[in-house]
file run-v5.txt (compact mmCIF, C-alpha atoms and all ligand atoms)
# COMPACT_ATOMS: atom_id res chain seq x y z
CA MET I 748 69.43 71.55 -211.60
CA THR I 749 67.49 72.92 -214.55
CA VAL I 750 67.46 76.56 -215.64
CA LEU I 751 63.96 77.66 -216.64
CA LEU I 752 63.70 80.62 -219.03
CA LEU I 753 60.40 82.50 -219.00
CA HIS I 754 59.28 84.51 -222.02
CA LEU I 755 56.85 87.31 -221.19
CA PRO I 756 55.32 88.50 -224.47
CA ALA I 757 55.20 92.26 -224.25
CA GLY I 758 54.08 94.05 -227.37
CA PHE I 759 51.15 94.23 -229.73
CA GLU I 760 52.56 91.23 -231.50
CA GLU I 761 54.78 88.51 -230.18
CA ASP I 762 58.48 89.00 -230.86
CA TYR I 763 60.91 86.14 -231.20
CA PRO I 764 62.63 85.93 -227.79
CA LEU I 765 66.09 86.40 -229.22
CA ALA I 766 67.84 87.35 -225.97
CA LEU I 767 66.41 84.35 -224.10
CA ALA I 768 67.41 82.10 -227.00
CA THR I 769 70.95 83.46 -226.67
CA MET I 770 70.89 82.89 -222.91
CA ALA I 771 69.75 79.31 -223.64
CA ALA I 772 72.73 78.81 -225.96
CA GLN I 773 75.06 80.09 -223.24
CA ILE I 774 73.60 77.71 -220.61
CA LYS I 775 73.72 74.74 -222.99
CA SER I 776 77.38 75.50 -223.71
CA GLN I 777 77.98 75.15 -219.95
CA GLN I 778 76.35 71.67 -219.97
CA ILE I 779 73.57 72.84 -217.62
CA PRO I 780 70.03 71.55 -218.42
CA VAL I 781 67.76 74.33 -219.66
CA ASP I 782 64.03 74.54 -220.38
CA ALA I 783 61.69 77.36 -221.45
CA LEU I 784 58.08 78.49 -221.09
CA ASN I 785 56.16 81.07 -223.05
CA MET I 786 54.10 82.72 -220.30
CA GLY I 787 51.67 84.16 -222.83
CA ARG I 788 50.70 80.61 -223.72
CA VAL I 789 50.90 78.68 -220.45
CA GLY I 790 50.04 81.42 -217.92
CA LEU I 791 50.81 81.29 -214.21
CA ASP I 792 49.14 77.87 -213.80
CA GLY I 793 51.47 76.40 -216.42
CA LEU I 794 54.43 77.90 -214.59
CA VAL I 795 53.38 76.33 -211.27
CA LYS I 796 52.92 72.96 -212.96
CA ARG I 797 56.44 73.17 -214.37
CA LEU I 798 57.90 74.13 -210.98
CA ASP I 799 56.04 71.18 -209.41
CA GLN I 800 58.35 68.85 -211.33
CA GLY I 801 60.96 69.81 -208.75
CA ASP I 802 64.08 70.12 -210.91
CA VAL I 803 64.14 73.91 -211.50
CA GLY I 804 66.89 75.64 -209.54
CA LEU I 805 67.02 78.93 -211.44
CA VAL I 806 64.28 80.92 -213.17
CA ALA I 807 65.28 83.74 -215.51
CA MET I 808 63.46 86.44 -217.46
CA TYR I 809 64.52 89.13 -219.90
CA LEU I 810 62.48 92.32 -219.69
CA TRP I 811 61.81 94.09 -222.91
CA SER I 812 58.81 95.94 -224.23
CA PRO I 813 58.15 98.22 -227.18
CA ALA I 814 58.70 101.92 -226.61
CA GLY I 815 55.92 104.41 -226.47
CA ASN I 816 52.89 102.21 -226.82
CA ALA I 817 51.93 102.52 -223.19
CA ARG I 818 52.67 106.23 -222.99
CA PHE I 819 54.94 107.24 -220.15
CA VAL I 820 54.53 104.07 -218.08
CA VAL I 821 56.07 101.76 -220.64
CA ASP I 822 58.91 100.69 -218.36
CA GLN I 823 56.87 100.07 -215.23
CA GLU I 824 54.33 98.08 -217.20
CA ALA I 825 56.89 95.42 -218.08
CA ILE I 826 58.35 95.40 -214.58
CA ASP I 827 54.95 95.06 -212.90
CA ARG I 828 54.18 92.02 -215.00
CA ALA I 829 57.58 90.50 -214.22
CA ASN I 830 57.12 91.16 -210.51
CA ALA I 831 53.76 89.36 -210.62
CA VAL I 832 55.52 86.31 -212.07
CA ILE I 833 58.30 86.58 -209.49
CA ALA I 834 55.72 86.65 -206.67
CA LYS I 835 54.18 83.46 -208.05
CA VAL I 836 57.57 81.74 -208.22
CA ARG I 837 58.37 82.81 -204.64
CA ALA I 838 55.04 81.46 -203.41
CA HIS I 839 55.91 77.97 -204.67
CA HIS I 840 56.69 75.42 -201.95
CA ARG I 841 60.17 74.92 -203.48
CA PRO I 842 61.02 78.40 -204.82
CA PRO I 843 64.01 78.47 -207.17
CA PHE I 844 66.49 81.33 -207.42
CA ILE I 845 65.25 84.17 -209.68
CA ALA I 846 67.41 86.26 -212.03
CA VAL I 847 66.21 89.02 -214.33
CA ALA I 848 68.06 90.72 -217.19
CA GLY I 849 67.16 93.02 -220.08
CA PRO I 850 66.82 96.75 -220.73
CA PHE I 851 64.28 97.47 -218.01
CA ALA I 852 66.21 95.53 -215.41
CA THR I 853 69.36 97.40 -216.45
CA LEU I 854 67.78 100.84 -216.44
CA THR I 855 65.69 100.53 -213.27
CA PRO I 856 67.19 97.60 -211.31
CA ASP I 857 65.72 98.67 -207.97
CA ASN I 858 62.18 98.19 -209.26
CA VAL I 859 62.69 94.48 -209.92
CA ASP I 860 62.06 92.04 -207.04
CA ALA I 861 64.41 89.32 -208.30
CA ASP I 862 67.21 87.66 -206.28
CA ALA I 863 69.72 88.79 -208.91
CA VAL I 864 69.29 91.67 -211.34
CA ILE I 865 71.70 91.61 -214.26
CA VAL I 866 72.69 95.09 -215.39
CA SER I 867 75.52 94.56 -217.87
CA ASP I 868 76.54 91.93 -220.42
CA PRO I 869 73.44 89.80 -219.77
CA ILE I 870 74.67 86.66 -221.51
CA ALA I 871 78.05 86.30 -219.79
CA THR I 872 76.71 87.48 -216.42
CA PHE I 873 73.76 85.12 -216.57
CA GLY I 874 76.07 82.24 -217.48
CA GLU I 875 78.13 82.92 -214.38
CA VAL I 876 75.05 83.20 -212.14
CA ALA I 877 73.81 79.83 -213.45
CA GLU I 878 77.22 78.27 -212.82
CA CYS I 879 77.18 79.52 -209.22
CA ILE I 880 73.65 78.25 -208.55
CA ALA I 881 74.46 74.87 -210.12
CA THR I 882 77.63 74.43 -208.06
CA GLY I 883 76.49 76.12 -204.84
CA ARG I 884 79.07 78.93 -205.12
CA ASP I 885 78.43 82.48 -203.89
CA PHE I 886 77.09 84.59 -206.75
CA SER I 887 76.71 87.91 -204.96
CA LYS I 888 79.99 89.51 -206.09
CA ILE I 889 79.72 88.68 -209.77
CA PRO I 890 80.46 91.73 -211.95
CA GLY I 891 77.46 92.74 -214.01
CA LEU I 892 74.94 92.32 -211.18
CA ARG I 893 73.12 95.20 -209.49
CA ALA I 894 75.44 96.98 -207.02
CA GLN I 895 78.51 95.24 -208.48
CA PRO I 896 81.07 96.67 -210.95
CA LYS I 897 79.94 96.78 -214.58
CA ARG I 898 81.20 93.88 -216.68
CA ALA I 899 83.50 95.06 -219.47
CA ASP I 900 81.83 94.80 -222.90
CA GLN I 901 82.99 91.70 -224.76
CA PRO I 902 83.32 91.58 -228.55
CA VAL I 903 79.96 90.30 -229.78
CA ARG I 904 81.80 87.68 -231.87
CA ASN I 905 82.39 85.81 -228.58
CA CYS I 906 78.69 85.74 -227.70
CA PRO I 907 76.98 82.44 -228.62
CA LEU I 908 74.44 82.45 -231.43
CA PRO I 909 70.83 82.04 -230.27
CA ASP I 910 69.57 78.51 -229.68
CA ARG I 911 66.59 77.95 -232.00
CA ASP I 912 65.16 74.80 -230.45
CA LEU I 913 63.82 75.92 -227.08
CA PHE I 914 61.81 78.67 -228.77
CA PRO I 915 60.93 77.07 -232.14
CA VAL I 916 61.08 79.67 -234.89
CA ALA I 917 57.89 78.42 -236.54
CA GLN I 918 55.85 79.35 -233.45
CA TYR I 919 56.55 83.07 -233.70
CA HIS I 920 54.97 84.98 -236.53
CA ARG I 921 53.88 88.61 -236.47
CA ASP I 922 50.93 90.06 -238.33
CA HIS I 923 53.10 92.53 -240.16
CA LEU I 924 55.05 89.77 -241.90
CA PRO I 925 54.07 88.05 -245.13
CA LYS I 926 51.94 84.99 -244.49
CA GLY I 927 53.17 81.60 -245.68
CA ARG I 928 56.79 82.44 -244.98
CA CYS I 929 59.02 81.30 -242.13
CA TYR I 930 60.58 84.32 -240.43
CA THR I 931 62.82 84.73 -237.45
CA SER I 932 64.83 87.51 -235.81
CA VAL I 933 68.58 87.91 -235.90
CA VAL I 934 71.09 90.39 -234.54
CA THR I 935 74.31 91.13 -236.40
CA SER I 936 75.53 93.95 -234.14
CA TYR I 937 74.77 95.62 -230.84
CA GLY I 938 75.03 99.18 -229.65
CA CYS I 939 75.33 102.53 -231.34
CA SER I 940 77.84 105.35 -231.30
CA PHE I 941 75.27 108.15 -231.81
CA GLN I 942 73.52 109.96 -228.98
CA CYS I 943 69.96 110.71 -230.08
CA THR I 944 68.26 112.43 -227.17
CA TYR I 945 65.40 109.94 -226.92
CA CYS I 946 67.25 106.67 -227.26
CA PRO I 947 68.59 104.48 -224.45
CA ALA I 948 70.42 102.09 -226.83
CA PRO I 949 73.92 103.53 -226.27
CA SER I 950 73.56 103.38 -222.47
CA LEU I 951 72.17 99.85 -222.71
CA PHE I 952 74.34 98.22 -225.32
CA GLY I 953 77.38 100.48 -225.49
CA GLN I 954 79.28 101.45 -228.61
CA PHE I 955 78.61 99.77 -231.95
CA ASN I 956 79.96 96.21 -231.81
CA ALA I 957 79.40 93.82 -234.74
CA ARG I 958 79.73 90.13 -235.51
CA PRO I 959 82.19 89.32 -238.31
CA VAL I 960 80.55 88.95 -241.72
CA GLU I 961 81.45 85.26 -242.05
CA GLN I 962 79.74 84.51 -238.70
CA ILE I 963 76.60 86.32 -239.87
CA VAL I 964 76.49 84.45 -243.17
CA ASP I 965 77.05 81.11 -241.41
CA GLU I 966 74.15 81.77 -239.04
CA TRP I 967 71.81 82.80 -241.86
CA ARG I 968 72.75 79.75 -243.92
CA ARG I 969 72.17 77.49 -240.91
CA LEU I 970 68.75 79.03 -240.31
CA TYR I 971 67.81 78.38 -243.91
CA THR I 972 69.15 74.82 -244.00
CA LEU I 973 68.13 73.53 -240.57
CA TYR I 974 65.00 75.53 -239.78
CA ARG I 975 63.62 76.34 -243.25
CA VAL I 976 63.75 80.05 -242.42
CA ASP I 977 63.35 82.13 -245.57
CA GLY I 978 62.90 85.59 -244.07
CA LEU I 979 64.97 87.42 -241.49
CA LEU I 980 64.19 90.39 -239.31
CA VAL I 981 67.45 92.11 -238.54
CA GLU I 982 67.05 93.67 -235.11
CA ASP I 983 70.32 95.59 -234.79
CA ASP I 984 70.24 98.93 -233.02
CA LEU I 985 71.81 100.52 -236.08
CA PHE I 986 72.57 98.04 -238.86
CA THR I 987 74.07 100.69 -241.15
CA ALA I 988 76.53 102.09 -238.57
CA ASP I 989 79.49 100.70 -240.52
CA ARG I 990 78.97 101.14 -244.27
CA ASN I 991 81.97 98.96 -245.21
CA ARG I 992 80.61 96.10 -243.14
CA VAL I 993 77.20 96.30 -244.84
CA MET I 994 78.83 96.39 -248.28
CA GLU I 995 80.98 93.36 -247.41
CA LEU I 996 77.95 91.44 -246.12
CA CYS I 997 75.98 92.31 -249.26
CA ARG I 998 78.86 91.21 -251.49
CA SER I 999 79.04 87.90 -249.69
CA LEU I 1000 75.26 87.30 -249.91
CA THR I 1001 75.18 88.28 -253.59
CA GLN I 1002 78.13 86.10 -254.61
CA LYS I 1003 76.77 83.02 -252.81
CA PRO I 1004 73.01 83.53 -252.37
CA ILE I 1005 71.36 81.68 -249.48
CA GLY I 1006 67.75 81.85 -250.64
CA ILE I 1007 66.72 84.11 -247.80
CA THR I 1008 65.35 87.67 -247.77
CA TRP I 1009 66.00 90.11 -244.95
CA GLU I 1010 64.35 93.17 -243.52
CA LEU I 1011 65.75 95.96 -241.40
CA LEU I 1012 63.09 96.30 -238.78
CA ASN I 1013 64.69 98.82 -236.45
CA GLY I 1014 64.88 102.31 -237.83
CA VAL I 1015 67.87 103.17 -239.98
CA ARG I 1016 69.19 106.75 -240.10
CA PRO I 1017 68.31 107.99 -243.62
CA GLU I 1018 71.48 110.10 -243.88
CA GLN I 1019 73.54 106.88 -243.76
CA LEU I 1020 71.93 105.64 -246.96
CA ASP I 1021 72.99 106.32 -250.53
CA HIS I 1022 72.08 104.87 -253.91
CA LYS I 1023 75.07 102.53 -254.08
CA LEU I 1024 74.39 101.08 -250.64
CA LEU I 1025 70.67 100.61 -251.34
CA THR I 1026 71.46 98.88 -254.63
CA ALA I 1027 73.87 96.49 -252.92
CA MET I 1028 71.30 95.77 -250.20
CA SER I 1029 68.57 95.09 -252.73
CA GLN I 1030 70.79 92.72 -254.72
CA ALA I 1031 71.68 90.90 -251.49
CA GLY I 1032 68.05 90.18 -250.61
CA CYS I 1033 66.94 93.18 -248.53
CA THR I 1034 63.20 93.53 -249.10
CA ARG I 1035 62.09 95.93 -246.38
CA LEU I 1036 63.67 98.94 -244.82
CA ALA I 1037 62.40 100.75 -241.74
CA LEU I 1038 63.49 104.36 -241.58
CA SER I 1039 63.80 106.27 -238.37
CA LEU I 1040 62.11 109.49 -239.53
CA GLU I 1041 60.55 110.77 -236.27
CA CYS I 1042 58.88 113.99 -237.45
CA ALA I 1043 58.64 116.62 -240.18
CA ASN I 1044 59.86 119.59 -238.16
CA PRO I 1045 63.57 120.26 -238.97
CA GLU I 1046 64.13 122.24 -235.78
CA ILE I 1047 62.82 119.46 -233.57
CA LEU I 1048 64.83 116.89 -235.54
CA GLU I 1049 68.06 118.78 -234.93
CA LYS I 1050 67.33 119.08 -231.22
CA MET I 1051 66.90 115.31 -231.13
CA GLY I 1052 70.32 114.75 -232.67
CA ARG I 1053 68.86 113.84 -236.07
CA SER I 1054 69.53 115.15 -239.55
CA SER I 1055 67.02 117.71 -240.83
CA ASP I 1056 67.78 116.95 -244.49
CA LEU I 1057 64.25 116.01 -245.52
CA ALA I 1058 65.15 116.19 -249.23
CA HIS I 1059 67.54 113.28 -248.68
CA VAL I 1060 64.77 111.35 -246.92
CA HIS I 1061 62.55 111.81 -249.99
CA SER I 1062 65.34 110.82 -252.34
CA MET I 1063 66.19 107.64 -250.39
CA THR I 1064 62.60 106.45 -249.98
CA LEU I 1065 62.07 106.94 -253.72
CA ALA I 1066 65.31 105.07 -254.51
CA ALA I 1067 64.37 102.19 -252.19
CA ARG I 1068 60.95 101.91 -253.81
CA LYS I 1069 62.47 101.82 -257.31
CA LEU I 1070 64.79 99.03 -256.18
CA GLY I 1071 61.85 97.00 -254.89
CA ILE I 1072 62.60 97.59 -251.21
CA SER I 1073 59.44 98.20 -249.24
CA THR I 1074 59.65 101.17 -246.86
CA THR I 1075 58.32 101.66 -243.35
CA GLY I 1076 58.55 104.99 -241.54
CA TYR I 1077 58.82 105.30 -237.77
CA PHE I 1078 57.40 108.52 -236.40
CA MET I 1079 57.15 109.80 -232.87
CA LEU I 1080 54.34 111.96 -231.58
CA GLY I 1081 54.47 114.11 -228.47
CA LEU I 1082 58.03 115.38 -228.99
CA PRO I 1083 59.29 118.29 -226.87
CA GLY I 1084 57.92 121.57 -228.24
CA GLU I 1085 55.60 119.81 -230.71
CA THR I 1086 52.19 121.24 -231.58
CA ARG I 1087 49.13 119.56 -233.06
CA GLU I 1088 50.00 121.32 -236.32
CA ASP I 1089 53.44 119.64 -236.23
CA ARG I 1090 51.76 116.27 -235.81
CA LYS I 1091 49.57 116.90 -238.83
CA LYS I 1092 52.67 117.75 -240.87
CA THR I 1093 54.34 114.57 -239.65
CA TYR I 1094 51.32 112.59 -240.80
CA GLU I 1095 51.37 114.38 -244.18
CA MET I 1096 55.05 113.52 -244.53
CA ALA I 1097 54.20 109.83 -244.03
CA THR I 1098 51.72 110.00 -246.89
CA THR I 1099 53.72 112.18 -249.31
CA LEU I 1100 56.74 109.90 -248.94
CA LYS I 1101 54.49 107.12 -250.23
CA LEU I 1102 55.70 104.81 -247.48
CA ASP I 1103 54.25 101.32 -247.53
CA MET I 1104 53.81 101.34 -243.77
CA ALA I 1105 54.06 103.90 -240.99
CA HIS I 1106 54.09 103.77 -237.20
CA PHE I 1107 53.10 106.62 -234.92
CA THR I 1108 54.34 106.00 -231.40
CA GLN I 1109 54.16 108.17 -228.32
CA ALA I 1110 57.51 109.74 -227.43
CA SER I 1111 58.67 108.27 -224.12
CA ALA I 1112 61.21 109.38 -221.56
CA TRP I 1113 63.04 106.12 -221.13
CA PRO I 1114 65.47 105.84 -218.29
CA GLY I 1115 68.88 106.28 -219.89
CA CYS I 1116 67.79 108.92 -222.42
CA SER I 1117 68.29 112.65 -222.00
CA TRP I 1118 64.62 113.70 -222.24
CA LYS I 1119 62.59 114.55 -219.18
CA LYS I 1120 59.05 113.22 -218.98
CA GLU I 1121 57.79 116.77 -218.30
CA GLU I 1122 59.09 117.98 -221.69
CA LEU I 1123 56.95 115.53 -223.64
CA VAL I 1124 53.45 116.08 -224.95
CA ASP I 1125 50.97 113.38 -223.97
CA VAL I 1126 49.17 112.50 -227.21
CA SER I 1127 45.97 110.59 -226.58
CA ALA I 1128 45.81 106.99 -227.73
CA SER I 1129 42.70 107.82 -229.76
CA GLU I 1130 44.54 110.58 -231.67
CA ARG I 1131 47.37 108.17 -232.48
CA ALA I 1132 44.91 105.42 -233.40
CA GLY I 1133 43.28 107.98 -235.72
CA TYR I 1134 46.55 108.48 -237.63
CA TYR I 1135 46.91 104.72 -238.00
CA ALA I 1136 43.33 104.40 -239.25
CA ARG I 1137 43.69 107.23 -241.79
CA PHE I 1138 46.96 105.84 -243.04
CA TYR I 1139 46.00 102.18 -243.37
CA LEU I 1140 42.34 102.48 -244.34
CA HIS I 1141 43.15 104.59 -247.39
CA PRO I 1142 42.18 102.26 -250.30
CA GLY I 1143 45.48 102.60 -252.22
CA ARG I 1144 47.66 102.15 -249.14
CA ALA I 1145 45.54 99.29 -247.77
CA LYS I 1146 46.03 97.48 -251.07
CA ARG I 1147 49.78 98.04 -250.95
CA VAL I 1148 50.05 96.94 -247.28
CA ALA I 1149 48.05 93.81 -248.07
CA GLU I 1150 50.54 93.02 -250.86
CA VAL I 1151 53.53 93.60 -248.57
CA LEU I 1152 52.03 91.40 -245.84
CA GLY I 1153 50.70 88.76 -248.19
CA VAL I 1154 47.17 89.05 -246.77
CA GLY I 1155 43.77 89.87 -248.27
CA VAL I 1156 42.91 93.57 -248.41
CA THR I 1157 39.76 92.88 -246.37
CA GLN I 1158 41.96 91.87 -243.43
CA ILE I 1159 43.50 95.33 -243.12
CA PRO I 1160 40.52 96.98 -241.32
CA GLU I 1161 40.46 94.08 -238.85
CA MET I 1162 44.18 94.54 -238.15
CA VAL I 1163 43.74 98.29 -237.65
CA GLY I 1164 40.83 97.64 -235.27
CA ARG I 1165 42.90 95.17 -233.26
CA LEU I 1166 45.74 97.69 -233.01
CA LYS I 1167 43.32 100.37 -231.81
CA ARG I 1168 41.88 98.06 -229.14
CA TRP I 1169 45.40 97.25 -227.96
CA MET I 1170 46.48 100.90 -227.87
CA THR I 1171 43.44 102.04 -225.92
CA ARG I 1172 43.18 99.10 -223.51
CA PRO I 1173 42.89 100.04 -219.81
CA ILE I 1174 46.12 100.76 -218.00
CA GLU I 1175 45.44 98.06 -215.40
CA ALA I 1176 45.17 95.41 -218.12
CA ARG I 1177 48.62 96.41 -219.37
CA ARG I 1178 50.22 95.99 -216.00
CA THR I 1179 48.78 92.64 -215.04
CA ALA I 1180 48.47 90.78 -218.37
CA ILE I 1181 50.80 87.79 -218.43
S1 LIG I 1201 68.05 106.21 -232.31
FE1 LIG I 1201 69.35 104.90 -233.56
S2 LIG I 1201 71.02 106.23 -234.19
FE2 LIG I 1201 70.05 107.25 -232.45
S3 LIG I 1201 71.19 106.56 -230.64
FE3 LIG I 1201 69.46 105.16 -230.91
S4 LIG I 1201 70.24 103.46 -232.09
FE4 LIG I 1201 71.67 105.16 -232.32
call {"tool": "encode", "arguments": {"input": "run-v5.txt", "output": "C-alpha cells"}}
result
Amino acid sequence: MTVLLLHLPAGFEEDYPLALATMAAQIKSQQIPVDALNMGRVGLDGLVKRLDQGDVGLVAMYLWSPAGNARFVVDQEAIDRANAVIAKVRAHHRPPFIAVAGPFATLTPDNVDADAVIVSDPIATFGEVAECIATGRDFSKIPGLRAQPKRADQPVRNCPLPDRDLFPVAQYHRDHLPKGRCYTSVVTSYGCSFQCTYCPAPSLFGQFNARPVEQIVDEWRRLYTLYRVDGLLVEDDLFTADRNRVMELCRSLTQKPIGITWELLNGVRPEQLDHKLLTAMSQAGCTRLALSLECANPEILEKMGRSSDLAHVHSMTLAARKLGISTTGYFMLGLPGETREDRKKTYEMATTLKLDMAHFTQASAWPGCSWKKEELVDVSASERAGYYARFYLHPGRAKRVAEVLGVGVTQIPEMVGRLKRWMTRPIEARRTAI
C-alpha cells in the first residue's frame, strides 16, 4: 500500500508544504511507501491518473490557507476545495481511504468529508492511521481523530524533520524572495503562550514548544550541504518566545557559520526585541524580520492583547534597519471598533516606519480565536488593494523592494497588479480552484 500526499496550494504564492513533508518523513520512518502530488500542477486529472496505478491505499491532505485574504470565508474556502478533491477520490473505481489534517480540519472538523479527520498532533496521529490502514487494523479509536480524545502534545524534538525529496525545495519559490537564491521553509518551534484575541495558534499548536538548538543547526547545515539551500524562511508561530534560546542559536550560528541566511516570516512581537538580540540575530545571518504590528491605534492594540508602545516599535525598526535587517510590517484592517480614519493612520504608520515591505490583510474571525465575525469591519478588497498600490508604487519604496527581492524595479507594478487581481477575484473562483 502506498500513502499519497496531496498538496493543495492555497495562497497568493505557493508555500513550501512543510507539514506534508513532515508527514512524509513520519511515513518513511514506518517503512510504508509514500508518494506526493502537487494538485496545483497536476489537477484532478493528474490525481485520477495516479490513482489508476492501483497501489494507493491512503490519501492525505493538510489544510492550510493564509488568513484574511478571502475576507470572512477564508476557512470554508480551503475546505470547499479539499472536499472537491475528496469527492473526486471517492468517485474513483478503487477509492482509497482519505485522511485530512491541518488547522482547518482541526478547527472545523465537521465540515470536512474525509474518512478520518485529524484534530491533534497531526504527525503522530497520521502515522498511526497509516499503520492501521497498511495492516488492516481498526483505526476508529485512535486518539487525535475527530470525536476521539485529544492526543497529548509531544515534545517537538521527537517529531521527525521534514523530508525534502518528495517536495523538492527547488520547485517552490515565492515572488517575495530574492531571485537566484534557493530558499525553503523551516520550523524551529510550535505554539505560543500568548493569547492575542485574533490568533488561533495557541488553540491549534498549544504552548510554545521548541526543538533543541543542536537539532536546528543540524537541519540547517544539512539543507545547505545536501540541497544547496542558502536562504531559510523560519515559520515558527513566535520565534522569539524564548529569548535565551534565540541567543543560544545565534551564538552557535555565529561561531560556526553555515553559509545560510534566514528570515523570520511570521510576525514577531516588537516588545520582545531589544538591541542586543537584534545585533546577535544580524551577526547570525538574519536578513529579514517581519513584525506583527497590526494597527496604529493604541486602544485597539491593547484590546487585542498587544503592546501599545509604538515608540518601541519605531526604535526597533530603526535598529533593525541600521543592522542591515530588512523589515516587513504586518497590518490588519477591519479590526473591531476601527474607523476609516484609523486605517489611514495605520497606513501612515507603515510609511513613517520606513518599512521595506508591508501587508494589509483583512481581520478574520478564525475558529479558535476570541473575536466574533460580527465585531469585524468588512474592508473592501479594492480599498486594501489601494493601500498595497500606494505603498509599493511609491518610487523610493519600489526601488527598495526591488533590491530586497533581487528583481528589476519595473517588475514591481506587475507584481502589485497580480496581487490586486488575486485579492479581487470572484468568490466562486476561490472555492473551486484546485
Ligand atoms: S499573534 Fe503571535 S503572539 Fe499572539 S497568540 Fe498568535 S502566535 Fe502568539
call {"tool": "closest_residue", "arguments": {"input": "run-v5.txt", "among": "I:Ser932, I:Thr1086, I:Asn858, I:Thr853", "to": "Ala768 of chain I", "atoms": "all atoms listed in the file"}}
result
I:Ser932
call {"tool": "closest_atom_pairs", "arguments": {"input": "run-v5.txt", "of": "chain I", "to": "ligand LIG 1201 (chain I)", "cutoff": "8 Å", "atoms": "all atoms listed in the file", "output": "JSON lines"}}
result
{"residue": "I:Gly938", "atom": "CA", "partner": "I:LIG1201", "partner_atom": "S4", "distance": 6.9}
{"residue": "I:Cys939", "atom": "CA", "partner": "I:LIG1201", "partner_atom": "FE4", "distance": 4.6}
{"residue": "I:Ser940", "atom": "CA", "partner": "I:LIG1201", "partner_atom": "FE4", "distance": 6.3}
{"residue": "I:Phe941", "atom": "CA", "partner": "I:LIG1201", "partner_atom": "S3", "distance": 4.5}
{"residue": "I:Gln942", "atom": "CA", "partner": "I:LIG1201", "partner_atom": "S3", "distance": 4.4}
{"residue": "I:Cys943", "atom": "CA", "partner": "I:LIG1201", "partner_atom": "FE2", "distance": 4.2}
{"residue": "I:Thr944", "atom": "CA", "partner": "I:LIG1201", "partner_atom": "S3", "distance": 7.4}
{"residue": "I:Tyr945", "atom": "CA", "partner": "I:LIG1201", "partner_atom": "S1", "distance": 7.1}
{"residue": "I:Cys946", "atom": "CA", "partner": "I:LIG1201", "partner_atom": "FE3", "distance": 4.5}
{"residue": "I:Pro947", "atom": "CA", "partner": "I:LIG1201", "partner_atom": "FE3", "distance": 6.6}
{"residue": "I:Ala948", "atom": "CA", "partner": "I:LIG1201", "partner_atom": "FE3", "distance": 5.2}
{"residue": "I:Pro949", "atom": "CA", "partner": "I:LIG1201", "partner_atom": "S3", "distance": 6.0}
{"residue": "I:Asp984", "atom": "CA", "partner": "I:LIG1201", "partner_atom": "S4", "distance": 4.6}
{"residue": "I:Leu985", "atom": "CA", "partner": "I:LIG1201", "partner_atom": "S4", "distance": 5.2}
{"residue": "I:Gly1014", "atom": "CA", "partner": "I:LIG1201", "partner_atom": "FE1", "distance": 6.7}
{"residue": "I:Val1015", "atom": "CA", "partner": "I:LIG1201", "partner_atom": "FE1", "distance": 6.8}
{"residue": "I:Arg1016", "atom": "CA", "partner": "I:LIG1201", "partner_atom": "S2", "distance": 6.2}
{"residue": "I:Ser1039", "atom": "CA", "partner": "I:LIG1201", "partner_atom": "S1", "distance": 7.4}
{"residue": "I:Gly1052", "atom": "CA", "partner": "I:LIG1201", "partner_atom": "FE2", "distance": 7.5}
{"residue": "I:Arg1053", "atom": "CA", "partner": "I:LIG1201", "partner_atom": "FE2", "distance": 7.6}
call {"tool": "residues_around", "arguments": {"input": "run-v5.txt", "residues": "Phe1107 of chain I", "least_positions_apart": "3", "cutoff": "8 Å", "atoms": "all atoms listed in the file", "output": "list in words"}}
result
Tyr1077, Phe1078, Met1079, Leu1080, Arg1131, Tyr1134 and Tyr1135 of chain I
call {"tool": "residues_around", "arguments": {"input": "run-v5.txt", "residues": "segment 780-796 of chain I", "least_positions_apart": "2", "cutoff": "8 Å", "atoms": "only C-alpha atoms", "output": "list of chain:residue names"}}
result
I:Met748, I:Thr749, I:Val750, I:Leu751, I:Leu752, I:Leu753, I:His754, I:Leu755, I:Pro756, I:Ala771, I:Ile774, I:Lys775, I:Gln778, I:Leu798, I:Asp799, I:Gln800, I:Val832, I:Lys835, I:Val836, I:His839, I:Leu913, I:Phe914, I:Ile1181
call {"tool": "write_last_selection", "arguments": {"input": "run-v5.txt", "atoms": "C-alpha atoms", "output": "compact mmCIF listing (two decimals), keeping the file's coordinate frame"}}
result
# COMPACT_ATOMS: atom_id res chain seq x y z
CA MET I 748 69.43 71.55 -211.60
CA THR I 749 67.49 72.92 -214.55
CA VAL I 750 67.46 76.56 -215.64
CA LEU I 751 63.96 77.66 -216.64
CA LEU I 752 63.70 80.62 -219.03
CA LEU I 753 60.40 82.50 -219.00
CA HIS I 754 59.28 84.51 -222.02
CA LEU I 755 56.85 87.31 -221.19
CA PRO I 756 55.32 88.50 -224.47
CA ALA I 771 69.75 79.31 -223.64
CA ILE I 774 73.60 77.71 -220.61
CA LYS I 775 73.72 74.74 -222.99
CA GLN I 778 76.35 71.67 -219.97
CA LEU I 798 57.90 74.13 -210.98
CA ASP I 799 56.04 71.18 -209.41
CA GLN I 800 58.35 68.85 -211.33
CA VAL I 832 55.52 86.31 -212.07
CA LYS I 835 54.18 83.46 -208.05
CA VAL I 836 57.57 81.74 -208.22
CA HIS I 839 55.91 77.97 -204.67
CA LEU I 913 63.82 75.92 -227.08
CA PHE I 914 61.81 78.67 -228.77
CA ILE I 1181 50.80 87.79 -218.43
call {"tool": "closest_residue", "arguments": {"input": "run-v5.txt", "among": "I:Asn1044, I:Ser1129, I:Ser867, I:Thr1157", "to": "Ser950 of chain I", "atoms": "all atoms listed in the file"}}
result
I:Ser867
call {"tool": "atom_distance", "arguments": {"input": "run-v5.txt", "atom1": "atom CA of Ala861 of chain I", "atom2": "atom CA of Asn830 of chain I"}}
result
7.8 Å
call {"tool": "residues_around", "arguments": {"input": "run-v5.txt", "residues": "segment 990-1003 of chain I", "least_positions_apart": "2", "cutoff": "7 Å", "atoms": "only C-alpha atoms", "output": "NGL selection string"}}
result
:I and (960 or 987-988 or 1005 or 1024 or 1027-1028 or 1030-1031)
call {"tool": "atom_distance", "arguments": {"input": "run-v5.txt", "atom1": "atom CA of Ala1128 of chain I", "atom2": "atom CA of Thr1171 of chain I"}}
result
5.8 Å
call {"tool": "atom_distance", "arguments": {"input": "run-v5.txt", "atom1": "atom CA of Asp1125 of chain I", "atom2": "atom CA of His1106 of chain I"}}
result
16.6 Å
call {"tool": "closest_residue", "arguments": {"input": "run-v5.txt", "among": "I:Ile833, I:Ile826, I:Leu1038, I:Val981", "to": "Tyr937 of chain I", "atoms": "only C-alpha atoms"}}
result
I:Val981
